[in-house]
>>> print(open('start02.cif').read())   # mmCIF, C-alpha atoms
data_data
#
loop_
_atom_site.label_atom_id
_atom_site.label_comp_id
_atom_site.auth_asym_id
_atom_site.auth_seq_id
_atom_site.Cartn_x
_atom_site.Cartn_y
_atom_site.Cartn_z
CA MET F 1 65.08 -26.03 -0.29
CA ASP F 2 62.12 -28.39 -0.05
CA SER F 3 61.94 -31.13 2.56
CA GLN F 4 62.67 -33.89 0.03
CA THR F 5 65.90 -32.15 -1.00
CA GLN F 6 66.81 -31.58 2.65
CA ASN F 7 66.24 -35.27 3.44
CA ALA F 8 68.43 -36.35 0.52
CA SER F 9 71.13 -33.94 1.65
CA LEU F 10 70.96 -35.22 5.22
CA GLN F 11 71.20 -38.81 3.97
CA ARG F 12 74.31 -37.94 1.94
CA LEU F 13 75.86 -36.27 4.99
CA GLN F 14 75.06 -39.32 7.13
CA THR F 15 76.81 -41.47 4.53
CA VAL F 16 79.82 -39.16 4.77
CA GLU F 17 79.76 -39.52 8.54
CA LYS F 18 79.81 -43.33 8.20
CA ARG F 19 82.68 -43.10 5.72
CA ILE F 20 84.65 -40.93 8.14
CA VAL F 21 84.15 -43.54 10.85
CA ARG F 22 85.35 -46.23 8.43
CA VAL F 23 88.40 -44.11 7.51
CA LEU F 24 89.31 -43.88 11.20
CA GLU F 25 88.87 -47.63 11.59
CA LEU F 26 91.17 -48.24 8.63
CA ALA F 27 93.79 -45.86 10.01
CA GLY F 28 93.60 -47.65 13.36
CA GLY F 29 93.96 -51.01 11.62
CA VAL F 30 97.10 -49.86 9.83
CA MET F 31 98.52 -48.51 13.10
CA GLU F 32 97.86 -51.89 14.74
CA GLU F 33 99.59 -53.66 11.85
CA PHE F 34 102.65 -51.45 12.16
CA SER F 35 102.83 -52.12 15.89
CA ASN F 36 102.56 -55.89 15.37
CA PRO F 37 105.72 -57.52 16.83
CA SER F 38 105.99 -59.89 13.87
CA GLY F 39 105.80 -56.95 11.46
CA PRO F 40 102.96 -55.61 9.34
CA ARG F 41 101.22 -57.79 6.79
CA LYS F 42 101.93 -55.97 3.54
CA GLU F 43 98.76 -57.02 1.69
CA LEU F 44 96.49 -55.99 4.59
CA VAL F 45 98.22 -52.61 4.88
CA ASN F 46 97.94 -52.08 1.09
CA ASN F 47 94.23 -52.97 1.12
CA HIS F 48 93.54 -50.68 4.07
CA CYS F 49 95.47 -47.82 2.45
CA SER F 50 93.68 -48.25 -0.88
CA GLU F 51 90.26 -48.27 0.79
CA PHE F 52 91.32 -45.30 2.94
CA MET F 53 92.29 -43.22 -0.10
CA GLN F 54 89.11 -44.12 -2.01
CA LEU F 55 86.93 -43.18 0.95
CA ILE F 56 88.77 -39.87 1.37
CA LYS F 57 88.12 -39.06 -2.30
CA ASP F 58 84.44 -40.01 -1.96
CA ILE F 59 84.11 -37.86 1.16
CA GLN F 60 85.71 -34.87 -0.59
CA VAL F 61 83.42 -35.17 -3.62
CA THR F 62 80.27 -35.47 -1.52
CA LEU F 63 81.21 -32.58 0.75
CA ARG F 64 82.03 -30.34 -2.23
CA GLU F 65 78.64 -31.14 -3.76
CA GLU F 66 76.83 -30.47 -0.50
CA ILE F 67 78.67 -27.18 0.06
CA LYS F 68 77.92 -26.10 -3.52
CA SER F 69 74.27 -27.04 -3.06
CA ALA F 70 74.09 -25.12 0.20
CA CYS F 71 75.64 -22.05 -1.44
CA GLU F 72 73.04 -22.16 -4.23
CA TYR F 73 70.21 -22.19 -1.69
CA ARG F 74 68.48 -18.80 -1.59
CA PRO F 75 65.77 -18.81 1.09
CA PHE F 76 64.78 -15.19 0.45
CA GLU F 77 64.85 -15.39 -3.32
CA LYS F 78 61.17 -14.48 -3.68
CA CYS F 79 61.22 -11.88 -0.93
CA ASP F 80 60.69 -8.27 -2.00
CA TYR F 81 62.21 -6.77 1.16
CA ILE F 82 65.36 -5.51 -0.56
CA SER F 83 63.49 -3.83 -3.38
CA ARG F 84 60.98 -2.26 -0.96
CA ILE F 85 63.79 -0.88 1.24
CA SER F 86 65.64 0.39 -1.84
CA ASN F 87 62.49 2.19 -2.98
CA GLU F 88 61.98 3.69 0.47
CA ILE F 89 65.56 4.96 0.53
CA CYS F 90 65.13 6.46 -2.95
CA CYS F 91 61.95 8.23 -1.83
CA GLN F 92 63.78 9.68 1.17
CA LYS F 93 66.62 10.85 -1.08
CA VAL F 94 64.13 12.54 -3.44
CA GLN F 95 62.45 14.26 -0.45
CA TYR F 96 65.85 15.47 0.74
CA VAL F 97 66.72 16.82 -2.71
CA LEU F 98 63.31 18.56 -2.92
CA GLN F 99 63.93 20.22 0.45
CA LYS F 100 67.32 21.48 -0.74
CA LEU F 101 65.79 22.73 -4.00
CA ASP F 102 63.07 24.55 -2.05
CA GLY F 103 65.79 26.15 0.05
CA MET F 104 67.69 27.19 -3.07
CA THR F 105 64.48 28.63 -4.57
CA GLU F 106 63.90 30.68 -1.43
CA THR F 107 67.48 31.95 -1.56
CA VAL F 108 67.11 32.94 -5.23
CA ASP F 109 63.75 34.66 -4.51
CA GLU F 110 65.30 36.59 -1.59
CA TYR F 111 68.18 37.63 -3.84
CA HIS F 112 65.77 38.90 -6.53
CA HIS F 113 63.64 40.81 -4.00
CA ALA F 114 66.72 42.39 -2.45
CA ALA F 115 68.07 43.51 -5.82
#
>>> encode(input="start02.cif", output="structure tokens")
Amino acid sequence: MDSQTQNASLQRLQTVEKRIVRVLELAGGVMEEFSNPSGPRKELVNNHCSEFMQLIKDIQVTLREEIKSACEYRPFEKCDYISRISNEICCQKVQYVLQKLDGMTETVDEYHHAA
């Protein structure tokens, strides 16, 4: 992930953070309205609830996109470590098989000499 992409991602996450703060402010405003001795103002509560729901949806969309983007990030994509280790393991397996074959050859030769 290049630095420009990282900066854009961080900016989107900062926007989400600001939206979360706003969501909490809206929730607090609704709580205050419900605790108002003269009763809640219906239009204010409706406006706060509508904005609350829209912000929650926006937050969900942005976080899903950021999580998806983070999951697509492959920092070791161009690294050949896995293939080199796999080759090394294969070489060790071949050496092991050769040792066993040499042992079998010796056993067969001993059998033929004894017979």
>>> atom_distance(input="start02.cif", atom1="atom CA of F:Thr107", atom2="atom CA of F:Val94")
19.8 Å
>>> atom_distance(input="start02.cif", atom1="atom CA of F:Glu65", atom2="atom CA of F:Gln6")
13.5 Å
>>> resolve_selection(input="start02.cif", expression="the PyMOL selection byres ((chain F and resi 52-60) around 7)", output="PyMOL selection string")
chain F and resi 16+19+23+26+48-51+61-64
>>> atom_distance(input="start02.cif", atom1="atom CA of F:Asp80", atom2="atom CA of F:Leu98")
27.0 Å
>>> axis_aligned_box(input="start02.cif", around="stretch 86-97 of chain F", padding_each_side="5 Å", output="lines of an AutoDock Vina configuration file")
center_x = 64.3
center_y = 8.6
center_z = -1.1
size_x = 14.8
size_y = 26.4
size_z = 14.6
>>> residues_around(input="start02.cif", residues="F:Gly29", least_positions_apart="2", cutoff="12 Å", atoms="all atoms listed in the file", output="list in words")
Arg22, Val23, Leu24, Glu25, Leu26, Ala27, Met31, Glu32, Glu33, Phe34, Ser35, Asn36, Pro40, Arg41, Leu44, Val45, Asn46, Asn47, His48, Cys49, Glu51 and Phe52 of chain F
>>> closest_residue(input="start02.cif", among="F:Glu106, F:Glu17, F:Glu72, F:Glu43", to="F:Val30", atoms="all atoms listed in the file")
F:Glu43
>>> closest_residue(input="start02.cif", among="F:Gly39, F:His112, F:Met104, F:Leu13", to="F:Glu66", atoms="all atoms listed in the file")
F:Leu13
